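Q: One structure is given below, represented as structure tokens, and several questions about it will come after.
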Amino acid sequence: MITGEKVELRPVSLDDYRRAYAWRNDEETAKLEAGSALFLFSHVPLEYLEDAYRKEILELDKREKGRFSIYTRGEQPEHIGFIEYRDVNIVSRRCTVGIGIGNKDFWGQGWGSDALKALIRYVFQTMNLRRVQLETWGGNPRAIRAYEKCGFVIEGRLREHSYIDGQYVDNIVMGLLRDEFKF
């Protein structure tokens, strides 16, 4: 298990995917998570998520992608979101990460930052990667602040890259090098 100060990153269970049904069908949560892919991400039946669990988790090749459930630590752990690494390039020693805190009760309290730091420590120390990157859309300032809190820096902007809520918005590309990360 991968642990942070406040969270544990656990293997994803079918029950975790079932809990995501409510998050993916909540418009605000789904929009922040999916951006312009909202039409694909949200309004999905429970059966779709159960089938996706079989395809995305049970058949996962951890050399290419790792997906975890984020749980609070303590006496009564609570599942609050998901986090992943993907697009692993073992030659260049880099990957892309993504995170979503689906439970709104845990927004803006540092849970996501703690989970992200735990995953970054894992990919740098255990997987021996040297670069982590991510992409988010410009309309998610809370996520950008959380990423910067973890050490990510804005490396680029893809202008008018995504169409969200009737307007074109920029995508923000952020990166973090192993030498910059505070273990």
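The way I read the labels, and the way they are meant: chains A, B, ... in the order of the structure tokens, residue 1 as the first residue of every chain, and ligand 1 as the first ligand shown, with later ones counted on from there.
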If you count only C-alpha atoms, which residues fall within 12 Å of Val132 in chain A, apart from same-chain ones fewer than 6 positions away, as a PyMOL selection string?
A: chain A and resi 84-89+92-98+116-117+119-124+147+150-153+155+173-181
Q: If we count only C-alpha atoms, what is near Lys104 in chain A at a cut-off of 12 Å, once residues fewer than 6 positions away on the same chain are taken out, given as a list in words?
A: Ala22, Trp23, Asp26, Glu27, Glu28, Thr29, Ala30, Leu32, His79, Ile80, Gly81, Trp111 and Gly112 of chain A
Q: Taking only C-alpha atoms into account, which of A:Thr3, A:Asn25, A:Gln125, A:Gln167 comes nearest Arg73 in chain A?
A: A:Thr3
Q: Near Arg157 in chain A, within 10 Å and counting only C-alpha atoms, which residues show up once chain neighbours fewer than 4 positions away are dropped, as a PyMOL selection string?
A: chain A and resi 135-138+161+170-174
Q: Give me, as an mmCIF file with N, CA, C and O atoms, in the first residue's frame, all polymer residues having an atom no more than 12 Å from Asp15 in chain A, counting only C-alpha atoms and skipping those fewer than 3 positions away in the same chain.
A:
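File written: out-v5.cif
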data_model
loop_
_atom_site.group_PDB
_atom_site.id
_atom_site.type_symbol
_atom_site.label_atom_id
_atom_site.label_comp_id
_atom_site.auth_asym_id
_atom_site.auth_seq_id
_atom_site.Cartn_x
_atom_site.Cartn_y
_atom_site.Cartn_z
ATOM 1 N N PRO A 11 -5.363 -0.724 -3.952
ATOM 2 C CA PRO A 11 -5.844 -1.301 -5.208
ATOM 3 C C PRO A 11 -7.329 -0.988 -5.380
ATOM 4 O O PRO A 11 -8.088 -0.942 -4.403
ATOM 5 N N VAL A 12 -7.740 -0.763 -6.604
ATOM 6 C CA VAL A 12 -9.126 -0.405 -6.893
ATOM 7 C C VAL A 12 -10.006 -1.654 -6.819
ATOM 8 O O VAL A 12 -9.700 -2.676 -7.433
ATOM 9 N N ARG A 18 -18.122 1.187 -8.191
ATOM 10 C CA ARG A 18 -19.562 1.425 -7.998
ATOM 11 C C ARG A 18 -19.804 2.761 -7.292
ATOM 12 O O ARG A 18 -20.759 3.464 -7.604
ATOM 13 N N ARG A 19 -18.948 3.111 -6.342
ATOM 14 C CA ARG A 19 -19.079 4.414 -5.669
ATOM 15 C C ARG A 19 -18.862 5.561 -6.652
ATOM 16 O O ARG A 19 -19.452 6.630 -6.516
ATOM 17 N N ALA A 20 -18.017 5.347 -7.630
ATOM 18 C CA ALA A 20 -17.730 6.389 -8.624
ATOM 19 C C ALA A 20 -18.944 6.712 -9.485
ATOM 20 O O ALA A 20 -18.979 7.760 -10.132
ATOM 21 N N TYR A 21 -19.940 5.852 -9.476
ATOM 22 C CA TYR A 21 -21.165 6.085 -10.248
ATOM 23 C C TYR A 21 -21.789 7.435 -9.882
ATOM 24 O O TYR A 21 -22.120 8.233 -10.757
ATOM 25 N N LEU A 46 -24.550 2.180 -14.254
ATOM 26 C CA LEU A 46 -23.720 1.410 -13.337
ATOM 27 C C LEU A 46 -23.097 0.199 -14.032
ATOM 28 O O LEU A 46 -21.941 -0.131 -13.799
ATOM 29 N N LEU A 49 -19.818 0.984 -15.685
ATOM 30 C CA LEU A 49 -18.676 1.067 -14.775
ATOM 31 C C LEU A 49 -18.208 -0.314 -14.333
ATOM 32 O O LEU A 49 -17.017 -0.551 -14.191
ATOM 33 N N GLU A 50 -19.138 -1.218 -14.116
ATOM 34 C CA GLU A 50 -18.753 -2.581 -13.731
ATOM 35 C C GLU A 50 -17.979 -3.255 -14.855
ATOM 36 O O GLU A 50 -16.992 -3.943 -14.617
ATOM 37 N N TYR A 53 -14.525 -1.734 -15.044
ATOM 38 C CA TYR A 53 -13.660 -2.259 -13.991
ATOM 39 C C TYR A 53 -12.956 -3.526 -14.480
ATOM 40 O O TYR A 53 -11.753 -3.685 -14.314
ATOM 41 N N SER A 69 -7.248 3.587 -5.674
ATOM 42 C CA SER A 69 -8.307 4.280 -4.951
ATOM 43 C C SER A 69 -7.660 5.079 -3.834
ATOM 44 O O SER A 69 -6.734 4.606 -3.180
ATOM 45 N N HIS A 79 -13.404 6.056 1.120
ATOM 46 C CA HIS A 79 -12.969 6.178 -0.270
ATOM 47 C C HIS A 79 -13.378 7.554 -0.781
ATOM 48 O O HIS A 79 -14.556 7.901 -0.762
#
Q: List every residue of range 22-129 of chain A that DSSP, applied to the backbone of this structure, places in alpha helix (DSSP H), and write the result as a VMD selection string.
A: chain A and resid 22 to 24 27 to 34 38 to 41 46 to 56 111 to 121
Q: To one decimal in Å, tell me the separation between CA of Ala115 in chain A and CA of Glu8 in chain A.
A: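 Computing the Euclidean distance for CA of Ala115 in chain A and CA of Glu8 in chain A yields 7.4 Å.
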Q: Rounded to one decimal, what separation in Å do you get between CA of Gly108 in chain A and CA of Arg145 in chain A?
A: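 Here the two named atoms are 10.0 Å from each other.
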Q: Out of A:Val91, A:Ala118, A:Val44, A:Leu129, which residue has the shortest atom-to-atom distance to Lys6 in chain A when counting only C-alpha atoms?
A: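 The closest residue to Lys6 in chain A is A:Ala118.
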Q: From the set A:Leu14, A:Leu58, A:Leu9, A:Ile101, which residue has the shortest atom-to-atom contact distance to Ile70 in chain A, counting only C-alpha atoms?
A: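 Comparing A:Leu14, A:Leu58, A:Leu9, A:Ile101 against Ile70 in chain A, the winner is A:Leu9.
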Q: Could you tell me which of A:Tyr17, A:Ser162, A:Gly139, A:Phe183 comes closest to Arg54 in chain A if we count only C-alpha atoms?
A: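 Among the listed residues, A:Tyr17 lies closest to Arg54 in chain A.
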Q: Residues near Ile90 in chain A, anyone? I mean within 12 Å using only C-alpha atoms, not counting same-chain ones fewer than 6 positions away, as an mmCIF file with N, CA and C atoms, in the first residue's frame.
A:
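Result file is selection-v2.cif:
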data_model
loop_
_atom_site.group_PDB
_atom_site.id
_atom_site.type_symbol
_atom_site.label_atom_id
_atom_site.label_comp_id
_atom_site.auth_asym_id
_atom_site.auth_seq_id
_atom_site.Cartn_x
_atom_site.Cartn_y
_atom_site.Cartn_z
ATOM 1 N N ARG A 63 3.177 -2.010 -15.791
ATOM 2 C CA ARG A 63 4.360 -1.386 -16.397
ATOM 3 C C ARG A 63 3.962 -0.172 -17.214
ATOM 4 N N GLU A 64 2.704 -0.118 -17.621
ATOM 5 C CA GLU A 64 2.231 0.980 -18.453
ATOM 6 C C GLU A 64 1.298 1.930 -17.728
ATOM 7 N N LYS A 65 0.585 1.396 -16.713
ATOM 8 C CA LYS A 65 -0.425 2.199 -16.045
ATOM 9 C C LYS A 65 -0.724 1.606 -14.673
ATOM 10 N N VAL A 123 6.506 6.800 -7.783
ATOM 11 C CA VAL A 123 7.062 6.681 -9.137
ATOM 12 C C VAL A 123 8.526 7.100 -9.192
ATOM 13 N N MET A 127 9.700 3.191 -8.863
ATOM 14 C CA MET A 127 9.760 2.925 -10.297
ATOM 15 C C MET A 127 10.992 3.558 -10.951
ATOM 16 N N ASN A 128 11.717 4.383 -10.217
ATOM 17 C CA ASN A 128 12.933 5.044 -10.691
ATOM 18 C C ASN A 128 12.689 5.938 -11.909
ATOM 19 N N LEU A 129 11.532 6.629 -11.924
ATOM 20 C CA LEU A 129 11.275 7.588 -12.987
ATOM 21 C C LEU A 129 11.910 8.916 -12.598
ATOM 22 N N ARG A 130 12.062 9.805 -13.570
ATOM 23 C CA ARG A 130 12.697 11.090 -13.267
ATOM 24 C C ARG A 130 11.861 12.295 -13.671
ATOM 25 N N ARG A 131 10.742 12.054 -14.330
ATOM 26 C CA ARG A 131 9.852 13.156 -14.730
ATOM 27 C C ARG A 131 8.397 12.707 -14.634
#
